[in-house]
Structures are given as C-alpha cells and as structure tokens.
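Asks: Take a look at final12.cif, mmCIF, C-alpha atoms:
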data_start
loop_
_atom_site.group_PDB
_atom_site.id
_atom_site.type_symbol
_atom_site.label_atom_id
_atom_site.label_comp_id
_atom_site.auth_asym_id
_atom_site.auth_seq_id
_atom_site.Cartn_x
_atom_site.Cartn_y
_atom_site.Cartn_z
ATOM 1 C CA MET A 1 -6.627 11.818 -13.791
ATOM 2 C CA LEU A 2 -9.711 11.020 -11.706
ATOM 3 C CA THR A 3 -12.529 9.807 -13.956
ATOM 4 C CA ALA A 4 -16.203 10.489 -13.219
ATOM 5 C CA GLU A 5 -16.487 6.855 -12.123
ATOM 6 C CA ASP A 6 -13.492 7.206 -9.755
ATOM 7 C CA LYS A 7 -15.077 10.277 -8.162
ATOM 8 C CA LYS A 8 -18.363 8.445 -7.679
ATOM 9 C CA LEU A 9 -16.661 5.446 -6.069
ATOM 10 C CA ILE A 10 -14.628 7.647 -3.727
ATOM 11 C CA GLN A 11 -17.700 9.560 -2.594
ATOM 12 C CA GLN A 12 -19.597 6.302 -2.076
ATOM 13 C CA VAL A 13 -16.824 4.755 0.015
ATOM 14 C CA TRP A 14 -16.539 7.880 2.104
ATOM 15 C CA GLY A 15 -20.317 7.944 2.557
ATOM 16 C CA LYS A 16 -20.274 4.346 3.830
ATOM 17 C CA LEU A 17 -17.779 5.255 6.531
ATOM 18 C CA SER A 18 -19.476 8.423 7.688
ATOM 19 C CA GLY A 19 -19.609 8.499 11.466
ATOM 20 C CA SER A 20 -16.346 6.555 11.811
ATOM 21 C CA GLU A 21 -14.052 9.317 10.641
ATOM 22 C CA GLU A 22 -12.342 9.797 13.979
ATOM 23 C CA ASP A 23 -11.623 6.077 14.408
ATOM 24 C CA ILE A 24 -10.369 5.797 10.840
ATOM 25 C CA GLY A 25 -8.031 8.759 11.284
ATOM 26 C CA ALA A 26 -6.612 7.492 14.554
ATOM 27 C CA GLU A 27 -6.177 3.961 13.235
ATOM 28 C CA THR A 28 -4.523 5.121 10.016
ATOM 29 C CA LEU A 29 -1.981 7.178 11.933
ATOM 30 C CA TRP A 30 -1.367 4.418 14.435
ATOM 31 C CA ARG A 31 -0.724 1.891 11.644
ATOM 32 C CA MET A 32 1.574 4.365 9.909
ATOM 33 C CA PHE A 33 3.664 4.930 13.068
ATOM 34 C CA HIS A 34 3.788 1.180 13.664
ATOM 35 C CA SER A 35 4.693 0.085 10.116
ATOM 36 C CA TYR A 36 6.927 3.037 9.253
ATOM 37 C CA PRO A 37 8.683 4.198 12.418
ATOM 38 C CA PRO A 38 10.548 7.044 10.616
ATOM 39 C CA THR A 39 7.190 8.828 10.229
ATOM 40 C CA LYS A 40 7.239 9.377 13.981
ATOM 41 C CA THR A 41 10.072 11.852 13.498
ATOM 42 C CA TYR A 42 7.517 14.434 12.422
ATOM 43 C CA PHE A 43 5.763 14.216 15.790
ATOM 44 C CA PRO A 44 8.436 14.554 18.493
ATOM 45 C CA HIS A 45 6.043 16.764 20.403
ATOM 46 C CA PHE A 46 3.282 14.142 20.505
ATOM 47 C CA ASP A 47 2.393 11.396 22.926
ATOM 48 C CA LEU A 48 2.566 8.516 20.447
ATOM 49 C CA SER A 49 1.313 5.771 22.727
ATOM 50 C CA GLN A 50 -1.667 3.727 21.564
ATOM 51 C CA GLY A 51 -4.967 5.510 22.028
ATOM 52 C CA SER A 52 -3.298 8.857 22.742
ATOM 53 C CA ASP A 53 -5.559 11.889 22.570
ATOM 54 C CA GLN A 54 -3.087 13.651 20.310
ATOM 55 C CA ILE A 55 -3.164 10.830 17.766
ATOM 56 C CA ARG A 56 -6.967 10.821 17.815
ATOM 57 C CA CYS A 57 -7.102 14.560 17.463
ATOM 58 C CA HIS A 58 -4.610 14.680 14.638
ATOM 59 C CA GLY A 59 -6.176 11.703 12.887
ATOM 60 C CA LYS A 60 -9.499 13.518 13.002
ATOM 61 C CA LYS A 61 -7.878 16.583 11.395
ATOM 62 C CA VAL A 62 -6.290 14.516 8.605
ATOM 63 C CA VAL A 63 -9.538 12.720 7.810
ATOM 64 C CA ALA A 64 -11.528 15.964 7.913
ATOM 65 C CA ALA A 65 -9.095 17.432 5.385
ATOM 66 C CA LEU A 66 -9.496 14.379 3.149
ATOM 67 C CA GLY A 67 -13.269 14.652 3.532
ATOM 68 C CA ALA A 68 -13.156 18.290 2.464
ATOM 69 C CA ALA A 69 -11.023 17.332 -0.528
ATOM 70 C CA ILE A 70 -13.547 14.641 -1.471
ATOM 71 C CA LYS A 71 -16.264 17.316 -1.571
ATOM 72 C CA ASN A 72 -14.077 19.228 -4.066
ATOM 73 C CA LEU A 73 -12.710 16.526 -6.314
ATOM 74 C CA ASP A 74 -12.992 18.820 -9.328
ATOM 75 C CA ASN A 75 -10.628 21.321 -7.800
ATOM 76 C CA LEU A 76 -8.234 19.566 -5.449
ATOM 77 C CA SER A 77 -5.512 22.115 -6.028
ATOM 78 C CA GLN A 78 -7.600 24.906 -4.619
ATOM 79 C CA ALA A 79 -9.259 22.818 -1.907
ATOM 80 C CA LEU A 80 -5.874 21.734 -0.554
ATOM 81 C CA SER A 81 -4.044 25.004 -1.195
ATOM 82 C CA GLU A 82 -3.644 26.025 2.456
ATOM 83 C CA LEU A 83 -2.503 22.536 3.458
ATOM 84 C CA SER A 84 -0.113 22.488 0.536
ATOM 85 C CA ASN A 85 1.554 25.647 1.838
ATOM 86 C CA LEU A 86 1.665 24.263 5.356
ATOM 87 C CA HIS A 87 3.257 20.942 4.365
ATOM 88 C CA ALA A 88 5.781 22.543 2.019
ATOM 89 C CA TYR A 89 6.927 25.533 4.017
ATOM 90 C CA ASN A 90 6.228 24.776 7.651
ATOM 91 C CA LEU A 91 6.053 21.026 8.138
ATOM 92 C CA ARG A 92 8.268 19.957 5.253
ATOM 93 C CA VAL A 93 7.024 16.386 5.397
ATOM 94 C CA ASP A 94 8.874 14.372 2.772
ATOM 95 C CA PRO A 95 6.562 14.260 -0.229
ATOM 96 C CA VAL A 96 5.718 11.197 -2.228
ATOM 97 C CA ASN A 97 6.871 12.357 -5.612
ATOM 98 C CA PHE A 98 10.531 12.391 -4.838
ATOM 99 C CA LYS A 99 12.164 8.984 -4.926
ATOM 100 C CA PRO A 100 12.371 6.837 -2.917
ATOM 101 C CA ARG A 101 8.934 6.614 -1.343
ATOM 102 C CA PHE A 102 8.188 8.869 1.560
ATOM 103 C CA SER A 103 5.809 9.721 4.318
ATOM 104 C CA LEU A 104 2.723 10.785 2.371
ATOM 105 C CA GLN A 105 2.844 7.479 0.499
ATOM 106 C CA PHE A 106 2.944 5.585 3.805
ATOM 107 C CA LEU A 107 -0.096 7.483 5.051
ATOM 108 C CA ALA A 108 -1.904 6.536 1.827
ATOM 109 C CA GLN A 109 -1.003 2.846 2.195
ATOM 110 C CA CYS A 110 -2.226 2.773 5.800
ATOM 111 C CA LEU A 111 -5.492 4.491 4.863
ATOM 112 C CA GLN A 112 -5.995 1.834 2.165
ATOM 113 C CA VAL A 113 -5.455 -0.898 4.745
ATOM 114 C CA VAL A 114 -7.894 0.671 7.221
ATOM 115 C CA LEU A 115 -10.576 1.029 4.538
ATOM 116 C CA ALA A 116 -9.941 -2.563 3.367
ATOM 117 C CA THR A 117 -10.236 -3.984 6.891
ATOM 118 C CA ARG A 118 -13.530 -2.155 7.382
ATOM 119 C CA LEU A 119 -15.074 -2.913 3.991
ATOM 120 C CA GLY A 120 -13.690 -6.404 3.317
ATOM 121 C CA LYS A 121 -15.020 -7.794 0.044
ATOM 122 C CA GLU A 122 -16.674 -4.464 -0.721
ATOM 123 C CA TYR A 123 -13.209 -3.010 -1.133
ATOM 124 C CA SER A 124 -13.211 -4.011 -4.766
ATOM 125 C CA PRO A 125 -10.296 -3.493 -7.172
ATOM 126 C CA GLU A 126 -12.189 -0.550 -8.702
ATOM 127 C CA VAL A 127 -12.607 1.158 -5.319
ATOM 128 C CA HIS A 128 -8.988 0.365 -4.398
ATOM 129 C CA SER A 129 -7.863 1.929 -7.661
ATOM 130 C CA ALA A 130 -9.997 5.066 -7.212
ATOM 131 C CA VAL A 131 -8.769 5.646 -3.646
ATOM 132 C CA ASP A 132 -5.169 5.081 -4.727
ATOM 133 C CA LYS A 133 -5.519 7.653 -7.504
ATOM 134 C CA PHE A 134 -7.188 10.101 -5.109
ATOM 135 C CA MET A 135 -4.412 9.786 -2.507
ATOM 136 C CA SER A 136 -1.791 10.204 -5.252
ATOM 137 C CA ALA A 137 -3.554 13.351 -6.387
ATOM 138 C CA VAL A 138 -3.662 14.672 -2.817
ATOM 139 C CA ALA A 139 0.046 13.958 -2.363
ATOM 140 C CA SER A 140 0.822 15.654 -5.687
ATOM 141 C CA VAL A 141 -1.034 18.791 -4.696
ATOM 142 C CA LEU A 142 0.641 18.842 -1.282
ATOM 143 C CA ALA A 143 4.045 18.428 -2.952
ATOM 144 C CA GLU A 144 3.448 21.165 -5.542
ATOM 145 C CA LYS A 145 4.934 23.933 -3.477
ATOM 146 C CA TYR A 146 8.035 22.124 -2.254
ATOM 147 C CA ARG A 147 10.353 23.646 -4.807
ATOM 148 C CA MET B 1 21.437 -9.851 8.522
ATOM 149 C CA VAL B 2 17.677 -9.616 9.007
ATOM 150 C CA HIS B 3 16.366 -10.214 12.477
ATOM 151 C CA TRP B 4 12.926 -11.695 13.131
ATOM 152 C CA THR B 5 11.542 -12.038 16.632
ATOM 153 C CA ALA B 6 9.577 -15.170 17.478
ATOM 154 C CA GLU B 7 6.456 -13.028 17.644
ATOM 155 C CA GLU B 8 7.050 -11.622 14.168
ATOM 156 C CA LYS B 9 7.556 -15.098 12.719
ATOM 157 C CA GLN B 10 4.355 -16.202 14.369
ATOM 158 C CA LEU B 11 2.416 -13.260 12.923
ATOM 159 C CA ILE B 12 3.656 -14.234 9.466
ATOM 160 C CA THR B 13 3.263 -18.009 9.559
ATOM 161 C CA GLY B 14 0.039 -17.827 11.542
ATOM 162 C CA LEU B 15 -1.627 -15.662 8.903
ATOM 163 C CA TRP B 16 -0.046 -17.505 5.974
ATOM 164 C CA GLY B 17 -1.513 -20.780 7.207
ATOM 165 C CA LYS B 18 -4.977 -19.340 6.585
ATOM 166 C CA VAL B 19 -4.237 -17.909 3.132
ATOM 167 C CA ASN B 20 -5.602 -19.559 -0.005
ATOM 168 C CA VAL B 21 -2.504 -19.067 -2.136
ATOM 169 C CA GLU B 22 -4.286 -19.479 -5.463
ATOM 170 C CA GLU B 23 -7.098 -17.016 -4.684
ATOM 171 C CA CYS B 24 -4.887 -14.521 -2.953
ATOM 172 C CA GLY B 25 -2.244 -14.640 -5.672
ATOM 173 C CA ALA B 26 -4.818 -14.183 -8.414
ATOM 174 C CA GLU B 27 -6.386 -11.272 -6.533
ATOM 175 C CA ALA B 28 -3.066 -9.552 -5.832
ATOM 176 C CA LEU B 29 -1.832 -9.773 -9.408
ATOM 177 C CA ALA B 30 -5.202 -8.674 -10.813
ATOM 178 C CA ARG B 31 -5.224 -5.649 -8.505
ATOM 179 C CA LEU B 32 -1.669 -4.762 -9.516
ATOM 180 C CA LEU B 33 -2.729 -4.722 -13.178
ATOM 181 C CA ILE B 34 -5.893 -2.739 -12.383
ATOM 182 C CA VAL B 35 -4.596 -0.199 -9.873
ATOM 183 C CA TYR B 36 -1.269 0.340 -11.682
ATOM 184 C CA PRO B 37 -2.197 -0.288 -15.326
ATOM 185 C CA TRP B 38 1.302 0.401 -16.622
ATOM 186 C CA THR B 39 2.349 -2.920 -15.078
ATOM 187 C CA GLN B 40 0.401 -4.591 -17.881
ATOM 188 C CA ARG B 41 3.423 -3.906 -20.066
ATOM 189 C CA PHE B 42 5.002 -7.101 -18.772
ATOM 190 C CA PHE B 43 2.064 -9.241 -19.792
ATOM 191 C CA ASP B 44 1.466 -8.560 -23.477
ATOM 192 C CA ASN B 45 0.840 -12.218 -24.167
ATOM 193 C CA PHE B 46 -1.813 -12.619 -21.485
ATOM 194 C CA GLY B 47 -4.727 -11.828 -23.761
ATOM 195 C CA ASN B 48 -7.654 -9.707 -22.656
ATOM 196 C CA LEU B 49 -6.668 -7.113 -20.013
ATOM 197 C CA SER B 50 -9.069 -4.466 -21.261
ATOM 198 C CA SER B 51 -11.142 -3.974 -18.084
ATOM 199 C CA PRO B 52 -11.105 -4.885 -14.384
ATOM 200 C CA THR B 53 -13.640 -7.644 -15.111
ATOM 201 C CA ALA B 54 -11.499 -9.023 -17.954
ATOM 202 C CA ILE B 55 -8.376 -8.938 -15.785
ATOM 203 C CA ILE B 56 -10.028 -10.640 -12.805
ATOM 204 C CA GLY B 57 -11.440 -13.396 -15.024
ATOM 205 C CA ASN B 58 -8.292 -13.873 -17.109
ATOM 206 C CA PRO B 59 -6.986 -17.440 -16.551
ATOM 207 C CA LYS B 60 -3.375 -16.456 -17.294
ATOM 208 C CA VAL B 61 -3.541 -13.743 -14.651
ATOM 209 C CA ARG B 62 -4.895 -16.245 -12.140
ATOM 210 C CA ALA B 63 -2.239 -18.816 -12.978
ATOM 211 C CA HIS B 64 0.591 -16.333 -12.809
ATOM 212 C CA GLY B 65 -0.713 -14.835 -9.592
ATOM 213 C CA LYS B 66 -0.677 -18.282 -8.047
ATOM 214 C CA LYS B 67 2.908 -18.806 -9.233
ATOM 215 C CA VAL B 68 4.064 -15.506 -7.760
ATOM 216 C CA LEU B 69 2.421 -16.108 -4.407
ATOM 217 C CA THR B 70 3.667 -19.687 -4.224
ATOM 218 C CA SER B 71 7.153 -18.262 -4.514
ATOM 219 C CA PHE B 72 6.274 -15.890 -1.676
ATOM 220 C CA GLY B 73 5.424 -18.970 0.361
ATOM 221 C CA GLU B 74 8.972 -20.200 -0.189
ATOM 222 C CA ALA B 75 10.272 -16.968 1.272
ATOM 223 C CA ILE B 76 8.109 -17.522 4.336
ATOM 224 C CA LYS B 77 9.701 -20.952 4.802
ATOM 225 C CA ASN B 78 13.117 -19.288 4.607
ATOM 226 C CA LEU B 79 12.720 -16.045 6.517
ATOM 227 C CA ASP B 80 16.337 -16.169 7.635
ATOM 228 C CA ASN B 81 17.664 -16.427 4.110
ATOM 229 C CA LEU B 82 15.578 -14.257 1.817
ATOM 230 C CA LYS B 83 18.598 -13.195 -0.214
ATOM 231 C CA GLY B 84 19.567 -16.784 -0.981
ATOM 232 C CA THR B 85 15.977 -17.795 -1.691
ATOM 233 C CA TYR B 86 15.512 -15.035 -4.263
ATOM 234 C CA SER B 87 18.979 -14.945 -5.792
ATOM 235 C CA LYS B 88 18.074 -16.747 -9.033
ATOM 236 C CA LEU B 89 14.701 -15.001 -9.350
ATOM 237 C CA SER B 90 16.451 -11.660 -8.940
ATOM 238 C CA GLU B 91 18.769 -12.420 -11.848
ATOM 239 C CA LEU B 92 15.801 -13.576 -13.917
ATOM 240 C CA HIS B 93 13.756 -10.431 -13.274
ATOM 241 C CA CYS B 94 16.731 -8.267 -14.232
ATOM 242 C CA ASP B 95 18.328 -10.122 -17.129
ATOM 243 C CA LYS B 96 15.389 -11.782 -18.834
ATOM 244 C CA LEU B 97 12.215 -10.053 -17.674
ATOM 245 C CA HIS B 98 13.565 -6.479 -17.363
ATOM 246 C CA VAL B 99 11.218 -5.547 -14.527
ATOM 247 C CA ASP B 100 11.831 -2.268 -12.672
ATOM 248 C CA PRO B 101 12.223 -3.252 -8.981
ATOM 249 C CA GLU B 102 9.744 -0.524 -8.057
ATOM 250 C CA ASN B 103 7.105 -2.984 -9.264
ATOM 251 C CA PHE B 104 8.027 -5.419 -6.470
ATOM 252 C CA ARG B 105 7.249 -2.732 -3.916
ATOM 253 C CA LEU B 106 3.932 -1.992 -5.628
ATOM 254 C CA LEU B 107 2.960 -5.673 -5.573
ATOM 255 C CA GLY B 108 3.989 -5.961 -1.930
ATOM 256 C CA ASP B 109 1.701 -3.095 -0.934
ATOM 257 C CA ILE B 110 -1.147 -4.547 -3.001
ATOM 258 C CA LEU B 111 -0.714 -7.912 -1.289
ATOM 259 C CA ILE B 112 -1.056 -6.178 2.079
ATOM 260 C CA VAL B 113 -4.337 -4.552 0.998
ATOM 261 C CA VAL B 114 -5.635 -7.926 -0.251
ATOM 262 C CA LEU B 115 -4.781 -9.516 3.106
ATOM 263 C CA ALA B 116 -6.434 -6.600 4.911
ATOM 264 C CA ALA B 117 -9.670 -6.963 2.912
ATOM 265 C CA HIS B 118 -9.650 -10.711 3.506
ATOM 266 C CA PHE B 119 -8.818 -10.810 7.204
ATOM 267 C CA THR B 120 -10.464 -7.475 8.135
ATOM 268 C CA LYS B 121 -10.018 -6.697 11.823
ATOM 269 C CA ASP B 122 -7.744 -9.704 12.327
ATOM 270 C CA PHE B 123 -5.229 -7.865 10.166
ATOM 271 C CA THR B 124 -4.153 -5.837 13.163
ATOM 272 C CA PRO B 125 -1.645 -2.959 13.118
ATOM 273 C CA ALA B 126 0.973 -5.331 14.569
ATOM 274 C CA CYS B 127 0.247 -7.801 11.809
ATOM 275 C CA GLN B 128 0.456 -5.120 9.123
ATOM 276 C CA ALA B 129 3.769 -3.846 10.481
ATOM 277 C CA VAL B 130 5.381 -7.278 10.259
ATOM 278 C CA TRP B 131 3.994 -7.946 6.810
ATOM 279 C CA GLN B 132 5.139 -4.529 5.539
ATOM 280 C CA LYS B 133 8.598 -5.472 6.823
ATOM 281 C CA LEU B 134 8.385 -8.819 4.997
ATOM 282 C CA VAL B 135 7.230 -7.442 1.649
ATOM 283 C CA GLY B 136 9.911 -4.746 1.855
ATOM 284 C CA LEU B 137 12.592 -7.365 2.423
ATOM 285 C CA VAL B 138 11.284 -9.586 -0.364
ATOM 286 C CA ALA B 139 11.326 -6.602 -2.753
ATOM 287 C CA HIS B 140 14.854 -5.824 -1.629
ATOM 288 C CA ALA B 141 16.008 -9.430 -2.126
ATOM 289 C CA LEU B 142 14.480 -9.483 -5.603
ATOM 290 C CA ALA B 143 16.279 -6.272 -6.522
ATOM 291 C CA ARG B 144 19.599 -7.373 -5.103
ATOM 292 C CA LYS B 145 21.098 -9.001 -8.199
ATOM 293 C CA TYR B 146 20.259 -6.139 -10.546
ATOM 294 C CA HIS B 147 23.125 -4.650 -12.471
#
What would you get if you wrote out this structure as structure tokens?
Replies:
Amino acid sequence: MLTAEDKKLIQQVWGKLSGSEEDIGAETLWRMFHSYPPTKTYFPHFDLSQGSDQIRCHGKKVVAALGAAIKNLDNLSQALSELSNLHAYNLRVDPVNFKPRFSLQFLAQCLQVVLATRLGKEYSPEVHSAVDKFMSAVASVLAEKYR
Amino acid sequence: MVHWTAEEKQLITGLWGKVNVEECGAEALARLLIVYPWTQRFFDNFGNLSSPTAIIGNPKVRAHGKKVLTSFGEAIKNLDNLKGTYSKLSELHCDKLHVDPENFRLLGDILIVVLAAHFTKDFTPACQAVWQKLVGLVAHALARKYH
C-alpha cells in the first residue's frame, strides 16, 4: 500500500513539524470536536473547552503514537498492536472501515487540515496523498480487531 | 430545513470572496484524481492522467475543476435552498454519469484541504467547521435524487 516514495514523504513532513507535535495534536483534536461534534461523545470525562489541558495532553499522546508509527512504517500492524487492542476492546471508537464514515476518518481529515495550514504550498498533492494513505493504514490496523 | 447563522454565512461568503475559482477548482479536482486514483474512472476521455504532474497540467482537468467549483459558487449564493439548486445535477450524476455519491464526500474533504493549504492560519477551526457542514450538505443534496 505505502510505496517507498510515500514513506519518504511522510517522514519528511513529520521531520518538518518536529517540535510542534503538541500544538498539532491539540489543534487536530480541537478541530475534530468542532467540525464533528459526535466525536465528543468519546470524551464525556474531559474538559473540552478550548485550550484545555486534557485536550493538549491527549493530543500529545495521539501525535506521539502517530510519530511512533511513522518510525515503523514497514510494520504498522505490530507498531500499533497495543493501540489496536485498546481501541477495539476498551474504547470501541467507531472505526473508519465500516460505512458510513466514522470517527477515525474525522481525525484523519482534521490532521490533514492542520498539516495543510502549517505547510501551505508545501503540502503538495503527493504529500497529501501519502499522508492520506498512511492515516488509512493506521485506521485499518486499529480496526483489525473489532470483530 | 437547514439552518445557517449569520456568522456561518459570513464565514462562507467571506472566504469565498477571496477564492480564485479556476485555480481552486483545478487544484481540488487534480488532488481528487491523485489522492483517490480510482476516481479517474469517470474521466477516461481526459487524456493523460498517468502521474501527479500529468494530472495537474492536464487542461481538461483544469477546465472541469473550474466547472465543478463554479457550480459550488451557485450553492453559496443559495445556501437556503441547496436541494433545489442541485436537483437537476443530482439526477444527472445518477442517471447519466453514474457517480457513487461517496465521491462527492471525497471531493468535499479535498476542497477543505485545498482551502486550508491556501489560507493557512486564516482557515481557523471555526471556518473549517462551517465549511465541513457546507460540503456535507452539498454532497447530500447531490445524492438526494438518486434512485
């Protein structure tokens, strides 16, 4: 699925944004809650106001997990194995593969938007495509254990 | 009946006023064909779609992108009657073009990423939320006459 070129582009993009991971995570989650209010249902225990510590903290976790996955693009299944179990059995966040489109897809769209706003013209169609494929692959792995 | 607040309408028309419809349309359609290559199935007669560079430079892609986004502009002039605005186009996409409505949602999300890359930090979370609502409603209106 991910070509050698895709992997290179993803690692490059991630490299460019190193240092901003926490901001990117927080902003992605914030945009997701704002554009897709149903995603808030998974966080009834959170303070979801803008700038909340919990959003920052969770955003940081999500981005760290993506960063770890990016270091293991040749073996996403294994790299994301623990998270896959967590999302399937404990969190049961609606996965992307089952129609119609669900939460993991919304997270992916919001991450795309955050990266695009930060990189502008540098967010070329090739980079956009590589990130989209990566996020699809992540969602697939996370959805593997659902049933 | 869709409800738009004055603020939402302003976020839409305010941004739209700054959009170069031809460039943005060309970019959005090109990205659709690049990021989701299976969508090329609808454009067999467009000539060379063999690489991202070919797609971006393809004059038929540019022209059709402009057409599609110009139609989007019509929707923006008629936010209170999206269903009516897209009634005929919905029939066309079903009866003559045979396009799976999922493609409208894909294009909508791509358009959002194009706007994000173009407007960068001005494409705020509030802005994204309204535009996600708009593209969702446009996709819905286009799918409405399917049978």
Asks: Where does the PyMOL selection byres ((chain B) within 7 of (chain A)) land in this file, that is, which residues does it pick, as a list of chain:residue names?
Replies: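 Going through the file, the PyMOL selection byres ((chain B) within 7 of (chain A)) ends up selecting B:Arg31, B:Ile34, B:Val35, B:Val113, B:Ala116, B:Ala117, B:His118, B:Phe119, B:Thr120, B:Lys121, B:Pro125, B:Gln128, B:Ala129, B:Gln132.
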Asks: At what distance in Å, to one decimal, does atom CA of A:Lys8 lie from atom CA of B:Pro37?
Replies: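 These atoms are spaced 19.9 Å apart.
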Asks: Taking the file as shown, what set of residues would the PyMOL selection byres ((chain A and resi 46-60) around 12) give back, as a ChimeraX atom specification?
Replies: /A:19-34,37,39-45,61-67,107,111 /B:125-126
Asks: Tell me, as a list in words, which residues lie within 7 Å of A:Tyr146, counting all atoms listed in the file; anything in the same chain fewer than 2 positions away does not count.
Replies: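 What passes the distance filter is Ala88, Ala143 and Glu144 of chain A.
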Asks: Could you tell me how far atom CA of A:Lys71 lies from atom CA of A:Ala139, in Å and to one decimal?
Replies: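 Spanning atom CA of A:Lys71 to atom CA of A:Ala139 is a straight-line distance of 16.7 Å.
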Asks: Which residues fall under the PyMOL selection byres ((chain B and resi 106) around 10) in this file, as a ChimeraX atom specification?
Replies: /B:32,35-36,39,101-105,107-111,135-136,139
Asks: In Å, with one decimal, what is the gap from atom CA of B:Leu11 to atom CA of B:Lys67?
Replies: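 Atom CA of B:Lys67 lies at a distance of 22.8 Å from atom CA of B:Leu11.
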Asks: So which residues touch B:Ala54 within 12 Å, counting only C-alpha atoms, skipping near sequence neighbours fewer than 6 positions away, as a list of chain:residue names?
Replies: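 Within the cut-off, the hits are B:Ala30, B:Arg31, B:Leu33, B:Ile34, B:Phe46, B:Gly47, B:Asn48, B:Lys60, B:Val61, B:Arg62.
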Asks: Could you write those residues out with C-alpha atoms, as a CSV table (one decimal), keeping the file's coordinate frame?
Replies:
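Written file, selection13.csv:
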chain,number,residue,atom,x,y,z
B,30,ALA,CA,-5.2,-8.7,-10.8
B,31,ARG,CA,-5.2,-5.6,-8.5
B,33,LEU,CA,-2.7,-4.7,-13.2
B,34,ILE,CA,-5.9,-2.7,-12.4
B,46,PHE,CA,-1.8,-12.6,-21.5
B,47,GLY,CA,-4.7,-11.8,-23.8
B,48,ASN,CA,-7.7,-9.7,-22.7
B,60,LYS,CA,-3.4,-16.5,-17.3
B,61,VAL,CA,-3.5,-13.7,-14.7
B,62,ARG,CA,-4.9,-16.2,-12.1
Asks: Could you name the residues that touch A:Met1 at 12 Å or less, counting all atoms listed in the file, but leaving out those on the same chain fewer than 2 positions away, as a list in words?
Replies: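 In the requested form, the answer reads Thr3, Ala4, Glu5, Asp6, Lys7, Leu73, Asp74, Asn75, Leu76, Ser129, Ala130, Asp132, Lys133, Phe134, Met135, Ser136, Ala137, Val138 and Ser140 of chain A.
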Asks: Go through B:Lys9, B:Lys18, B:His147, B:Lys133 one by one, measure the shortest atom-to-atom distance of each to B:Asp95 using all atoms listed in the file, and give the residue with the smallest value.
Replies: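 Closest to B:Asp95 of all the choices is B:His147.
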Asks: Take every atom of stretch 21-36 of chain A listed in the file, pad by 4 Å on each side, and give me the axis-aligned box centre and edge lengths in Å, one decimal, as lines of an AutoDock Vina configuration file.
Replies:
center_x = -3.6
center_y = 4.9
center_z = 11.9
size_x = 29.0
size_y = 17.7
size_z = 13.3
Asks: If you count all atoms listed in the file, which residues fall within 6 Å of B:Gly25, apart from same-chain ones fewer than 2 positions away, as a list in words?
Replies: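 Counting only the stated atoms, we get Val21, Glu22, Glu23, Glu27, Ala28, Gly65, Lys66 and Leu69 of chain B.
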Asks: Quick one: of B:Leu115, B:Trp38, B:Leu82, B:Gln10, who's nearest to B:Leu134, counting all atoms listed in the file?
Replies: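 Closest to B:Leu134, using all atoms listed in the file: B:Leu82.
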Asks: Here is a test: counting only C-alpha atoms, which residue of B:Cys94, B:Ile12, B:Ile55, B:Ala63 is nearest to B:Ala143?
Replies: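 When distances to B:Ala143 are compared using only C-alpha atoms, the smallest one comes from B:Cys94.
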Asks: Measuring atom to atom with only C-alpha atoms, identify which of B:Cys24, B:Trp131, B:Val138, B:Thr85 is nearest to B:Glu8.
Replies: B:Trp131
